[in-house]
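Everything below belongs to input.pdb, which stores PDB, C-alpha atoms and all ligand atoms.
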ATOM      1  CA  MET J   1     176.715  94.688  66.365  1.00  0.00           C
ATOM      2  CA  ASN J   2     178.758  96.754  63.916  1.00  0.00           C
ATOM      3  CA  GLN J   3     179.085  96.185  60.171  1.00  0.00           C
ATOM      4  CA  GLU J   4     181.612  93.400  60.598  1.00  0.00           C
ATOM      5  CA  ASN J   5     179.314  91.612  63.063  1.00  0.00           C
ATOM      6  CA  GLN J   6     181.541  92.484  65.954  1.00  0.00           C
ATOM      7  CA  LYS J   7     179.940  93.146  69.279  1.00  0.00           C
ATOM      8  CA  ILE J   8     181.313  96.259  70.994  1.00  0.00           C
ATOM      9  CA  ILE J   9     180.655  96.935  74.677  1.00  0.00           C
ATOM     10  CA  ASN J  10     182.165  99.838  76.578  1.00  0.00           C
ATOM     11  CA  GLY J  11     184.418 100.548  73.601  1.00  0.00           C
ATOM     12  CA  LEU J  12     185.817  97.017  73.516  1.00  0.00           C
ATOM     13  CA  ILE J  13     185.296  94.419  70.799  1.00  0.00           C
ATOM     14  CA  ILE J  14     184.083  91.246  72.469  1.00  0.00           C
ATOM     15  CA  ASP J  15     185.796  88.051  71.382  1.00  0.00           C
ATOM     16  CA  PRO J  16     183.178  85.292  71.865  1.00  0.00           C
ATOM     17  CA  ILE J  17     185.940  82.849  72.769  1.00  0.00           C
ATOM     18  CA  ILE J  18     185.529  84.107  76.346  1.00  0.00           C
ATOM     19  CA  PHE J  19     182.179  82.256  76.464  1.00  0.00           C
ATOM     20  CA  THR J  20     183.579  78.872  75.557  1.00  0.00           C
ATOM     21  CA  GLN J  21     187.226  78.763  76.664  1.00  0.00           C
ATOM     22  CA  LYS J  22     187.498  76.295  79.547  1.00  0.00           C
ATOM     23  CA  PHE J  23     189.067  77.423  82.807  1.00  0.00           C
ATOM     24  CA  VAL J  24     189.307  76.487  86.490  1.00  0.00           C
ATOM     25  CA  LYS J  25     186.339  77.210  88.730  1.00  0.00           C
ATOM     26  CA  ALA J  26     188.394  79.643  90.829  1.00  0.00           C
ATOM     27  CA  CYS J  27     191.989  80.720  91.248  1.00  0.00           C
ATOM     28  CA  ASP J  28     193.662  78.968  94.153  1.00  0.00           C
ATOM     29  CA  VAL J  29     197.203  80.116  94.840  1.00  0.00           C
ATOM     30  CA  CYS J  30     197.618  77.295  97.370  1.00  0.00           C
ATOM     31  CA  ILE J  31     197.598  74.999  94.328  1.00  0.00           C
ATOM     32  CA  CYS J  32     199.099  77.147  91.556  1.00  0.00           C
ATOM     33  CA  SER J  33     201.439  79.323  93.723  1.00  0.00           C
ATOM     34  CA  GLY J  34     200.357  82.312  91.646  1.00  0.00           C
ATOM     35  CA  GLU J  35     202.449  81.134  88.693  1.00  0.00           C
ATOM     36  CA  CYS J  36     200.824  83.673  86.351  1.00  0.00           C
ATOM     37  CA  CYS J  37     202.903  86.234  88.299  1.00  0.00           C
ATOM     38  CA  TYR J  38     206.272  84.565  87.654  1.00  0.00           C
ATOM     39  CA  TYR J  39     206.975  86.704  84.607  1.00  0.00           C
ATOM     40  CA  GLY J  40     206.169  90.228  85.857  1.00  0.00           C
ATOM     41  CA  VAL J  41     203.676  92.460  84.105  1.00  0.00           C
ATOM     42  CA  TYR J  42     203.457  95.658  82.092  1.00  0.00           C
ATOM     43  CA  THR J  43     201.755  98.510  83.914  1.00  0.00           C
ATOM     44  CA  ASP J  44     200.523 101.786  82.521  1.00  0.00           C
ATOM     45  CA  LYS J  45     202.612 104.757  83.679  1.00  0.00           C
ATOM     46  CA  SER J  46     199.703 105.963  85.847  1.00  0.00           C
ATOM     47  CA  GLU J  47     199.534 102.559  87.582  1.00  0.00           C
ATOM     48  CA  TYR J  48     203.300 102.626  88.100  1.00  0.00           C
ATOM     49  CA  GLU J  49     203.052 106.072  89.706  1.00  0.00           C
ATOM     50  CA  LYS J  50     200.185 104.929  91.934  1.00  0.00           C
ATOM     51  CA  ILE J  51     202.241 101.966  93.123  1.00  0.00           C
ATOM     52  CA  LEU J  52     205.256 104.164  93.881  1.00  0.00           C
ATOM     53  CA  SER J  53     203.039 106.586  95.842  1.00  0.00           C
ATOM     54  CA  VAL J  54     202.487 103.798  98.413  1.00  0.00           C
ATOM     55  CA  LYS J  55     205.975 102.304  98.314  1.00  0.00           C
ATOM     56  CA  ASP J  56     206.536 102.533 102.070  1.00  0.00           C
ATOM     57  CA  ARG J  57     203.265 100.722 102.723  1.00  0.00           C
ATOM     58  CA  ILE J  58     204.206  98.010 100.206  1.00  0.00           C
ATOM     59  CA  ILE J  59     207.633  97.533 101.816  1.00  0.00           C
ATOM     60  CA  LYS J  60     205.944  97.024 105.194  1.00  0.00           C
ATOM     61  CA  SER J  61     204.040  94.008 103.850  1.00  0.00           C
ATOM     62  CA  MET J  62     206.853  92.429 101.836  1.00  0.00           C
ATOM     63  CA  ASP J  63     208.521  89.221 103.010  1.00  0.00           C
ATOM     64  CA  ASP J  64     212.138  88.051 102.830  1.00  0.00           C
ATOM     65  CA  SER J  65     211.706  86.602  99.327  1.00  0.00           C
ATOM     66  CA  GLN J  66     211.059  90.110  97.947  1.00  0.00           C
ATOM     67  CA  THR J  67     213.348  93.074  97.374  1.00  0.00           C
ATOM     68  CA  LYS J  68     212.605  96.181  99.387  1.00  0.00           C
ATOM     69  CA  ASN J  69     214.906  98.208  97.167  1.00  0.00           C
ATOM     70  CA  VAL J  70     212.463 100.350  95.161  1.00  0.00           C
ATOM     71  CA  GLU J  71     215.094 100.874  92.427  1.00  0.00           C
ATOM     72  CA  ASP J  72     214.764  97.154  91.629  1.00  0.00           C
ATOM     73  CA  TRP J  73     210.985  97.106  91.192  1.00  0.00           C
ATOM     74  CA  PHE J  74     210.512  98.399  87.652  1.00  0.00           C
ATOM     75  CA  GLU J  75     212.111  98.254  84.229  1.00  0.00           C
ATOM     76  CA  GLU J  76     212.747 101.321  82.072  1.00  0.00           C
ATOM     77  CA  GLU J  77     209.690 103.151  80.755  1.00  0.00           C
ATOM     78  CA  GLN J  78     208.852 102.407  77.113  1.00  0.00           C
ATOM     79  CA  GLU J  79     206.423 103.808  74.568  1.00  0.00           C
ATOM     80  CA  ASP J  80     203.471 101.498  73.989  1.00  0.00           C
ATOM     81  CA  SER J  81     200.256 102.550  72.306  1.00  0.00           C
ATOM     82  CA  ASP J  82     198.339  99.651  73.924  1.00  0.00           C
ATOM     83  CA  PHE J  83     198.462 101.593  77.204  1.00  0.00           C
ATOM     84  CA  PRO J  84     196.213 104.614  77.929  1.00  0.00           C
ATOM     85  CA  SER J  85     199.142 106.941  78.728  1.00  0.00           C
ATOM     86  CA  GLY J  86     201.172 105.663  75.775  1.00  0.00           C
ATOM     87  CA  ILE J  87     203.903 104.548  78.206  1.00  0.00           C
ATOM     88  CA  ALA J  88     204.324 101.082  79.695  1.00  0.00           C
ATOM     89  CA  VAL J  89     206.543 100.165  82.640  1.00  0.00           C
ATOM     90  CA  GLY J  90     207.283  96.494  83.341  1.00  0.00           C
ATOM     91  CA  THR J  91     207.654  95.083  86.838  1.00  0.00           C
ATOM     92  CA  GLU J  92     210.951  93.302  87.432  1.00  0.00           C
ATOM     93  CA  VAL J  93     211.326  89.614  88.192  1.00  0.00           C
ATOM     94  CA  TYR J  94     213.160  88.881  91.459  1.00  0.00           C
ATOM     95  CA  ASN J  95     213.683  85.413  92.930  1.00  0.00           C
ATOM     96  CA  GLY J  96     211.903  83.944  89.889  1.00  0.00           C
ATOM     97  CA  LYS J  97     208.688  85.941  90.358  1.00  0.00           C
ATOM     98  CA  CYS J  98     207.266  89.419  90.000  1.00  0.00           C
ATOM     99  CA  VAL J  99     208.794  91.685  92.657  1.00  0.00           C
ATOM    100  CA  PHE J 100     205.329  92.116  94.162  1.00  0.00           C
ATOM    101  CA  LEU J 101     204.571  88.393  94.565  1.00  0.00           C
ATOM    102  CA  ASP J 102     205.202  87.109  98.075  1.00  0.00           C
ATOM    103  CA  LYS J 103     206.443  83.628  98.925  1.00  0.00           C
ATOM    104  CA  GLN J 104     202.922  82.359  99.555  1.00  0.00           C
ATOM    105  CA  GLY J 105     201.805  83.330  96.049  1.00  0.00           C
ATOM    106  CA  PHE J 106     199.916  86.492  97.017  1.00  0.00           C
ATOM    107  CA  CYS J 107     200.256  89.861  95.312  1.00  0.00           C
ATOM    108  CA  THR J 108     201.465  92.435  97.847  1.00  0.00           C
ATOM    109  CA  LEU J 109     199.565  95.174  96.007  1.00  0.00           C
ATOM    110  CA  GLN J 110     196.298  93.316  96.552  1.00  0.00           C
ATOM    111  CA  LYS J 111     197.293  92.268 100.065  1.00  0.00           C
ATOM    112  CA  ILE J 112     197.878  95.835 101.307  1.00  0.00           C
ATOM    113  CA  ALA J 113     194.603  97.061  99.817  1.00  0.00           C
ATOM    114  CA  ILE J 114     192.672  94.328 101.642  1.00  0.00           C
ATOM    115  CA  GLU J 115     194.580  94.894 104.883  1.00  0.00           C
ATOM    116  CA  ASP J 116     193.756  98.610 104.719  1.00  0.00           C
ATOM    117  CA  GLY J 117     190.062  98.075 103.950  1.00  0.00           C
ATOM    118  CA  GLU J 118     190.341  99.417 100.390  1.00  0.00           C
ATOM    119  CA  HIS J 119     188.972  97.809  97.238  1.00  0.00           C
ATOM    120  CA  LYS J 120     191.179  94.778  96.622  1.00  0.00           C
ATOM    121  CA  TRP J 121     192.204  95.954  93.150  1.00  0.00           C
ATOM    122  CA  LYS J 122     193.003  99.554  94.089  1.00  0.00           C
ATOM    123  CA  TYR J 123     196.743  99.239  93.353  1.00  0.00           C
ATOM    124  CA  LYS J 124     196.731  96.200  91.068  1.00  0.00           C
ATOM    125  CA  PRO J 125     197.611  96.745  87.395  1.00  0.00           C
ATOM    126  CA  LEU J 126     194.712  96.185  84.993  1.00  0.00           C
ATOM    127  CA  TYR J 127     196.516  93.395  83.163  1.00  0.00           C
ATOM    128  CA  CYS J 128     196.874  91.478  86.442  1.00  0.00           C
ATOM    129  CA  ILE J 129     193.225  91.998  87.344  1.00  0.00           C
ATOM    130  CA  LEU J 130     192.085  90.721  83.972  1.00  0.00           C
ATOM    131  CA  PHE J 131     194.257  87.644  83.370  1.00  0.00           C
ATOM    132  CA  PRO J 132     193.412  85.202  81.726  1.00  0.00           C
ATOM    133  CA  LEU J 133     191.428  87.896  79.938  1.00  0.00           C
ATOM    134  CA  VAL J 134     193.368  90.565  78.115  1.00  0.00           C
ATOM    135  CA  ILE J 135     192.706  93.702  76.104  1.00  0.00           C
ATOM    136  CA  PHE J 136     194.653  93.416  72.879  1.00  0.00           C
ATOM    137  CA  GLU J 137     194.307  95.936  70.052  1.00  0.00           C
ATOM    138  CA  GLY J 138     190.919  97.045  71.365  1.00  0.00           C
ATOM    139  CA  LYS J 139     189.580  93.518  71.765  1.00  0.00           C
ATOM    140  CA  LEU J 140     188.611  91.809  75.009  1.00  0.00           C
ATOM    141  CA  THR J 141     189.951  88.334  74.485  1.00  0.00           C
ATOM    142  CA  ILE J 142     192.085  85.643  76.096  1.00  0.00           C
ATOM    143  CA  ASP J 143     195.801  85.845  76.747  1.00  0.00           C
ATOM    144  CA  ASP J 144     196.322  82.342  75.386  1.00  0.00           C
ATOM    145  CA  GLU J 145     200.067  82.778  75.036  1.00  0.00           C
ATOM    146  CA  HIS J 146     200.454  83.345  78.780  1.00  0.00           C
ATOM    147  CA  LEU J 147     197.721  80.881  79.695  1.00  0.00           C
ATOM    148  CA  ASN J 148     199.534  78.159  77.764  1.00  0.00           C
ATOM    149  CA  ARG J 149     202.480  78.542  80.144  1.00  0.00           C
ATOM    150  CA  MET J 150     200.379  77.642  83.206  1.00  0.00           C
ATOM    151  CA  HIS J 151     200.538  74.211  84.786  1.00  0.00           C
ATOM    152  CA  TYR J 152     197.327  74.301  86.839  1.00  0.00           C
ATOM    153  CA  CYS J 153     194.666  76.487  85.256  1.00  0.00           C
ATOM    154  CA  ASN J 154     195.622  75.391  81.737  1.00  0.00           C
ATOM    155  CA  LYS J 155     195.275  71.664  82.415  1.00  0.00           C
ATOM    156  CA  SER J 156     192.044  70.279  80.987  1.00  0.00           C
ATOM    157  CA  ILE J 157     191.512  68.057  84.038  1.00  0.00           C
ATOM    158  CA  ASN J 158     191.186  71.206  86.189  1.00  0.00           C
ATOM    159  CA  GLN J 159     189.123  73.180  83.679  1.00  0.00           C
ATOM    160  CA  VAL J 160     185.614  72.516  84.955  1.00  0.00           C
ATOM    161  CA  SER J 161     184.273  75.991  84.170  1.00  0.00           C
ATOM    162  CA  THR J 162     184.635  78.664  81.499  1.00  0.00           C
ATOM    163  CA  ILE J 163     186.462  81.975  81.601  1.00  0.00           C
ATOM    164  CA  PHE J 164     183.088  83.744  81.377  1.00  0.00           C
ATOM    165  CA  GLU J 165     181.749  81.937  84.461  1.00  0.00           C
ATOM    166  CA  THR J 166     184.913  82.227  86.540  1.00  0.00           C
ATOM    167  CA  CYS J 167     185.764  85.813  85.656  1.00  0.00           C
ATOM    168  CA  LYS J 168     182.401  87.539  86.130  1.00  0.00           C
ATOM    169  CA  ASN J 169     183.815  90.079  88.595  1.00  0.00           C
ATOM    170  CA  GLU J 170     186.686  90.895  86.272  1.00  0.00           C
ATOM    171  CA  LEU J 171     184.255  91.324  83.371  1.00  0.00           C
ATOM    172  CA  LYS J 172     182.048  93.597  85.474  1.00  0.00           C
ATOM    173  CA  PHE J 173     185.127  95.577  86.444  1.00  0.00           C
ATOM    174  CA  VAL J 174     186.123  96.241  82.849  1.00  0.00           C
ATOM    175  CA  LEU J 175     182.653  96.546  81.275  1.00  0.00           C
ATOM    176  CA  GLY J 176     180.628  97.997  84.166  1.00  0.00           C
ATOM    177  CA  GLU J 177     177.367  96.485  85.482  1.00  0.00           C
ATOM    178  CA  GLU J 178     175.350  97.636  82.464  1.00  0.00           C
ATOM    179  CA  GLY J 179     178.021  96.442  80.082  1.00  0.00           C
ATOM    180  CA  PHE J 180     178.055  93.074  81.800  1.00  0.00           C
ATOM    181  CA  LYS J 181     174.284  92.718  81.331  1.00  0.00           C
ATOM    182  CA  GLU J 182     174.794  93.490  77.652  1.00  0.00           C
ATOM    183  CA  LEU J 183     177.489  90.828  77.565  1.00  0.00           C
ATOM    184  CA  GLU J 184     175.112  88.254  79.055  1.00  0.00           C
ATOM    185  CA  GLU J 185     172.543  89.087  76.353  1.00  0.00           C
ATOM    186  CA  TYR J 186     175.196  88.766  73.668  1.00  0.00           C
ATOM    187  CA  ARG J 187     176.225  85.402  75.112  1.00  0.00           C
ATOM    188  CA  ASN J 188     172.636  84.116  74.956  1.00  0.00           C
ATOM    189  CA  GLU J 189     172.310  85.319  71.353  1.00  0.00           C
ATOM    190  CA  TYR J 190     175.659  83.781  70.478  1.00  0.00           C
ATOM    191  CA  PHE J 191     174.718  80.335  71.805  1.00  0.00           C
ATOM    192  CA  LYS J 192     171.261  80.494  70.219  1.00  0.00           C
ATOM    193  CA  LEU J 193     172.764  81.320  66.842  1.00  0.00           C
ATOM    194  CA  ASN J 194     175.334  78.553  67.079  1.00  0.00           C
ATOM    195  CA  LYS J 195     172.716  76.014  68.122  1.00  0.00           C
ATOM    196  CA  LYS J 196     170.663  76.990  65.072  1.00  0.00           C
ATOM    197  CA  LYS J 197     173.717  76.627  62.806  1.00  0.00           C
ATOM    198  CA  ASP J 198     174.469  73.172  64.274  1.00  0.00           C
ATOM    199  CA  HIS J 199     170.843  72.155  63.772  1.00  0.00           C
ATOM    200  CA  GLU J 200     170.885  73.294  60.137  1.00  0.00           C
ATOM    201  CA  ALA J 201     174.170  71.496  59.485  1.00  0.00           C
ATOM    202  CA  ALA J 202     172.903  68.208  60.992  1.00  0.00           C
TER     203      ALA J 202
HETATM  204  S1  LIG B 301     195.200  82.595  86.693  1.00  0.00           S
HETATM  205 FE1  LIG B 301     195.976  80.520  86.987  1.00  0.00          FE
HETATM  206  S2  LIG B 301     198.056  80.755  87.736  1.00  0.00           S
HETATM  207 FE2  LIG B 301     197.035  82.735  88.012  1.00  0.00          FE
HETATM  208  S3  LIG B 301     196.219  82.699  90.112  1.00  0.00           S
HETATM  209 FE3  LIG B 301     194.587  81.959  88.739  1.00  0.00          FE
HETATM  210  S4  LIG B 301     194.804  79.733  88.745  1.00  0.00           S
HETATM  211 FE4  LIG B 301     196.727  80.600  89.519  1.00  0.00          FE
HETATM  212  S1  LIG B 302     201.723  93.077  90.278  1.00  0.00           S
HETATM  213 FE1  LIG B 302     200.818  91.523  91.597  1.00  0.00          FE
HETATM  214  S2  LIG B 302     199.289  90.462  90.345  1.00  0.00           S
HETATM  215 FE2  LIG B 302     200.616  91.612  88.971  1.00  0.00          FE
HETATM  216  S3  LIG B 302     202.194  90.157  88.287  1.00  0.00           S
HETATM  217 FE3  LIG B 302     202.992  91.264  90.085  1.00  0.00          FE
HETATM  218  S4  LIG B 302     202.436  90.008  91.846  1.00  0.00           S
HETATM  219 FE4  LIG B 302     201.189  89.349  90.116  1.00  0.00          FE
END
Whole structure, structure tokens version:
Amino acid sequence: MNQENQKIINGLIIDPIIFTQKFVKACDVCICSGECCYYGVYTDKSEYEKILSVKDRIIKSMDDSQTKNVEDWFEEEQEDSDFPSGIAVGTEVYNGKCVFLDKQGFCTLQKIAIEDGEHKWKYKPLYCILFPLVIFEGKLTIDDEHLNRMHYCNKSINQVSTIFETCKNELKFVLGEEGFKELEEYRNEYFKLNKKKDHEAA
């Protein structure tokens, strides 16, 4: 913990809300249609360049609901200090969804990686990998603004798990295996402390 009682793992401040925020047990695009991808996403310039380096491969796996015109895939570059390169590039929305979302609700960037035997997140922007988690001003927290727009995973009737439980792979991806173990320890401490506080208040 640092002086302000913030837990920092792998350079990120951990917002303990990730332990308690309710969420679905797993993403299921057959139910939600991948609606978190309806708005496009901001990529870091390096992610944007990686995507363009495999543009022909992406086009091969696109369907007729997507534009194969590469000029229509991205917005103008813009300065943004939240991104490692200092430059963010947004994906465009086409047919009411991110240009990379197919009509079945699958991300073409993830689809091509799986089809080619690569790691499934090889071409996927970090912000897409992490959602409903987000890194905001150095803090690993929840993108509640975007989550509040969802009709499936934000409905309490479907929220039978927590973001921590559902997003273990995403947390390992961003914190590393060791960092994830540290996170589990912090979670245990956090619940123990809160139980003690509740007990004292009773
Ligand atoms: S985060 Fe929500 S909207 Fe996005 S794929 Fe998962 S369940 Fe669907
Ligand atoms: S790049 Fe893929 S995961 Fe990200 S918003 Fe677009 S379709 Fe969704």
Report the residues retrieved by the PyMOL selection byres (((not hetatm)) within 9 of (chain B and resi 301)) from the displayed file, expressed as a CSV table (one decimal) with C-alpha atoms, keeping the file's coordinate frame.
chain,number,residue,atom,x,y,z
J,23,PHE,CA,189.1,77.4,82.8
J,24,VAL,CA,189.3,76.5,86.5
J,25,LYS,CA,186.3,77.2,88.7
J,26,ALA,CA,188.4,79.6,90.8
J,27,CYS,CA,192.0,80.7,91.2
J,28,ASP,CA,193.7,79.0,94.2
J,29,VAL,CA,197.2,80.1,94.8
J,30,CYS,CA,197.6,77.3,97.4
J,31,ILE,CA,197.6,75.0,94.3
J,32,CYS,CA,199.1,77.1,91.6
J,33,SER,CA,201.4,79.3,93.7
J,34,GLY,CA,200.4,82.3,91.6
J,35,GLU,CA,202.4,81.1,88.7
J,36,CYS,CA,200.8,83.7,86.4
J,37,CYS,CA,202.9,86.2,88.3
J,105,GLY,CA,201.8,83.3,96.0
J,106,PHE,CA,199.9,86.5,97.0
J,128,CYS,CA,196.9,91.5,86.4
J,131,PHE,CA,194.3,87.6,83.4
J,132,PRO,CA,193.4,85.2,81.7
J,147,LEU,CA,197.7,80.9,79.7
J,150,MET,CA,200.4,77.6,83.2
J,151,HIS,CA,200.5,74.2,84.8
J,152,TYR,CA,197.3,74.3,86.8
J,153,CYS,CA,194.7,76.5,85.3
J,154,ASN,CA,195.6,75.4,81.7
- Task: Report as a PyMOL selection string the residues that result from applying the PyMOL selection byres (((chain J and resi 173) around 12) and not hetatm) to the structure here.
- Result: chain J and resi 10+119-122+126+129-130+133+167-172+174-180
- Item | Surrounding residues as number ranges by chain, ligand LIG 302 (chain B), max 10 Å, all atoms listed in the file | J: 34-43, 48, 51, 73, 90-93, 97-102, 105-111, 121, 123-131
Would you mind exporting the chosen residues as a PDB file, in the frame of the given file, restricted to C-alpha atoms?
ATOM      1  CA  GLY J  34     200.357  82.312  91.646  1.00  0.00           C
ATOM      2  CA  GLU J  35     202.449  81.134  88.693  1.00  0.00           C
ATOM      3  CA  CYS J  36     200.824  83.673  86.351  1.00  0.00           C
ATOM      4  CA  CYS J  37     202.903  86.234  88.299  1.00  0.00           C
ATOM      5  CA  TYR J  38     206.272  84.565  87.654  1.00  0.00           C
ATOM      6  CA  TYR J  39     206.975  86.704  84.607  1.00  0.00           C
ATOM      7  CA  GLY J  40     206.169  90.228  85.857  1.00  0.00           C
ATOM      8  CA  VAL J  41     203.676  92.460  84.105  1.00  0.00           C
ATOM      9  CA  TYR J  42     203.457  95.658  82.092  1.00  0.00           C
ATOM     10  CA  THR J  43     201.755  98.510  83.914  1.00  0.00           C
ATOM     11  CA  TYR J  48     203.300 102.626  88.100  1.00  0.00           C
ATOM     12  CA  ILE J  51     202.241 101.966  93.123  1.00  0.00           C
ATOM     13  CA  TRP J  73     210.985  97.106  91.192  1.00  0.00           C
ATOM     14  CA  GLY J  90     207.283  96.494  83.341  1.00  0.00           C
ATOM     15  CA  THR J  91     207.654  95.083  86.838  1.00  0.00           C
ATOM     16  CA  GLU J  92     210.951  93.302  87.432  1.00  0.00           C
ATOM     17  CA  VAL J  93     211.326  89.614  88.192  1.00  0.00           C
ATOM     18  CA  LYS J  97     208.688  85.941  90.358  1.00  0.00           C
ATOM     19  CA  CYS J  98     207.266  89.419  90.000  1.00  0.00           C
ATOM     20  CA  VAL J  99     208.794  91.685  92.657  1.00  0.00           C
ATOM     21  CA  PHE J 100     205.329  92.116  94.162  1.00  0.00           C
ATOM     22  CA  LEU J 101     204.571  88.393  94.565  1.00  0.00           C
ATOM     23  CA  ASP J 102     205.202  87.109  98.075  1.00  0.00           C
ATOM     24  CA  GLY J 105     201.805  83.330  96.049  1.00  0.00           C
ATOM     25  CA  PHE J 106     199.916  86.492  97.017  1.00  0.00           C
ATOM     26  CA  CYS J 107     200.256  89.861  95.312  1.00  0.00           C
ATOM     27  CA  THR J 108     201.465  92.435  97.847  1.00  0.00           C
ATOM     28  CA  LEU J 109     199.565  95.174  96.007  1.00  0.00           C
ATOM     29  CA  GLN J 110     196.298  93.316  96.552  1.00  0.00           C
ATOM     30  CA  LYS J 111     197.293  92.268 100.065  1.00  0.00           C
ATOM     31  CA  TRP J 121     192.204  95.954  93.150  1.00  0.00           C
ATOM     32  CA  TYR J 123     196.743  99.239  93.353  1.00  0.00           C
ATOM     33  CA  LYS J 124     196.731  96.200  91.068  1.00  0.00           C
ATOM     34  CA  PRO J 125     197.611  96.745  87.395  1.00  0.00           C
ATOM     35  CA  LEU J 126     194.712  96.185  84.993  1.00  0.00           C
ATOM     36  CA  TYR J 127     196.516  93.395  83.163  1.00  0.00           C
ATOM     37  CA  CYS J 128     196.874  91.478  86.442  1.00  0.00           C
ATOM     38  CA  ILE J 129     193.225  91.998  87.344  1.00  0.00           C
ATOM     39  CA  LEU J 130     192.085  90.721  83.972  1.00  0.00           C
ATOM     40  CA  PHE J 131     194.257  87.644  83.370  1.00  0.00           C
TER      41      PHE J 131
END
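Shortest separation to Glu184 in chain J among J:Glu165, J:Lys197, J:Val54, J:Phe83 occurs at residue J:Glu165, atoms counted being only C-alpha atoms.
Of the listed residues (J:Ile135, J:Ile9, J:Ile58, J:Ala201), J:Ile58 comes nearest to Ala113 in chain J; the distances count all atoms listed in the file.
What the PyMOL selection byres (((chain J and resi 13) around 10) and not hetatm) picks from this file is Met1, Asn2, Gln6, Lys7, Ile8, Ile9, Asn10, Gly11, Leu12, Ile14, Asp15, Pro16, Ile135, Phe136, Glu137, Gly138, Lys139, Leu140 and Thr141 of chain J.
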Expected file contents, prior selection, C-alpha atoms, as a short mmCIF file (atom, residue, chain, number, x, y, z; two decimals), in the coordinates of the input:
data_model
loop_
_atom_site.label_atom_id
_atom_site.label_comp_id
_atom_site.auth_asym_id
_atom_site.auth_seq_id
_atom_site.Cartn_x
_atom_site.Cartn_y
_atom_site.Cartn_z
CA MET J 1 176.72 94.69 66.36
CA ASN J 2 178.76 96.75 63.92
CA GLN J 6 181.54 92.48 65.95
CA LYS J 7 179.94 93.15 69.28
CA ILE J 8 181.31 96.26 70.99
CA ILE J 9 180.66 96.94 74.68
CA ASN J 10 182.16 99.84 76.58
CA GLY J 11 184.42 100.55 73.60
CA LEU J 12 185.82 97.02 73.52
CA ILE J 14 184.08 91.25 72.47
CA ASP J 15 185.80 88.05 71.38
CA PRO J 16 183.18 85.29 71.86
CA ILE J 135 192.71 93.70 76.10
CA PHE J 136 194.65 93.42 72.88
CA GLU J 137 194.31 95.94 70.05
CA GLY J 138 190.92 97.04 71.36
CA LYS J 139 189.58 93.52 71.76
CA LEU J 140 188.61 91.81 75.01
CA THR J 141 189.95 88.33 74.48
#
- Message: For a quick check of understanding, using only C-alpha atoms, which of J:Ser81, J:Leu183, J:Lys195, J:Tyr94 has the smallest distance to Lys68 in chain J?
- Response: J:Tyr94
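Of the residues under consideration (J:Lys103, J:Lys155, J:Lys181, J:Lys196), J:Lys103 shows the shortest atom-to-atom contact distance to Met62 in chain J when counting all atoms listed in the file.
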- Message: Can you measure CA of Asp82 in chain J to CA of Ser53 in chain J for me? One decimal in Å is fine.
- Response: 23.5 Å
- Message: Please compute the CA of Lys45 in chain J-CA of Ser65 in chain J distance, one decimal, in Å.
- Response: 25.6 Å
- Pairwise distance, CA of Glu75 in chain J with CA of Ala88 in chain J, equals 9.4 Å
- Query: Nearest to Gly96 in chain J: which of J:Gln66, J:Gln21, J:Asn5, J:Asn188 is it, counting all atoms listed in the file?
  - Reply: J:Gln66
Quick one: 8 Å padding each side, axis-aligned, all listed atoms of range 191-195 of chain J - centre and edge lengths in Å to one decimal, as AutoDock Vina command-line options?
--center_x 173.3 --center_y 78.7 --center_z 69.3 --size_x 20.1 --size_y 21.3 --size_z 21.0
- Query: Taking into account all atoms listed in the file, which residue in the set J:Phe191, J:Phe164, J:Phe74, J:Tyr186 is nearest to Asp44 in chain J?
  - Reply: J:Phe74
Output range 153-159 of chain J as an mmCIF file, in the coordinates of the input, making sure N, CA, C and O atoms are there.
data_model
loop_
_atom_site.group_PDB
_atom_site.id
_atom_site.type_symbol
_atom_site.label_atom_id
_atom_site.label_comp_id
_atom_site.auth_asym_id
_atom_site.auth_seq_id
_atom_site.Cartn_x
_atom_site.Cartn_y
_atom_site.Cartn_z
ATOM 1 N N CYS J 153 195.926 76.022 85.862
ATOM 2 C CA CYS J 153 194.666 76.487 85.256
ATOM 3 C C CYS J 153 194.583 76.198 83.764
ATOM 4 O O CYS J 153 193.522 76.363 83.165
ATOM 5 N N ASN J 154 195.680 75.741 83.159
ATOM 6 C CA ASN J 154 195.622 75.391 81.737
ATOM 7 C C ASN J 154 195.565 73.884 81.503
ATOM 8 O O ASN J 154 195.668 73.428 80.380
ATOM 9 N N LYS J 155 195.383 73.130 82.573
ATOM 10 C CA LYS J 155 195.275 71.664 82.415
ATOM 11 C C LYS J 155 193.808 71.288 82.299
ATOM 12 O O LYS J 155 193.004 71.640 83.176
ATOM 13 N N SER J 156 193.466 70.560 81.244
ATOM 14 C CA SER J 156 192.044 70.279 80.987
ATOM 15 C C SER J 156 191.381 69.573 82.159
ATOM 16 O O SER J 156 190.207 69.798 82.427
ATOM 17 N N ILE J 157 192.117 68.773 82.896
ATOM 18 C CA ILE J 157 191.512 68.057 84.038
ATOM 19 C C ILE J 157 190.991 69.039 85.105
ATOM 20 O O ILE J 157 190.035 68.736 85.830
ATOM 21 N N ASN J 158 191.618 70.210 85.180
ATOM 22 C CA ASN J 158 191.186 71.206 86.189
ATOM 23 C C ASN J 158 190.169 72.204 85.628
ATOM 24 O O ASN J 158 189.594 72.993 86.372
ATOM 25 N N GLN J 159 189.981 72.159 84.324
ATOM 26 C CA GLN J 159 189.123 73.180 83.679
ATOM 27 C C GLN J 159 187.661 72.739 83.679
ATOM 28 O O GLN J 159 187.157 72.204 82.691
#
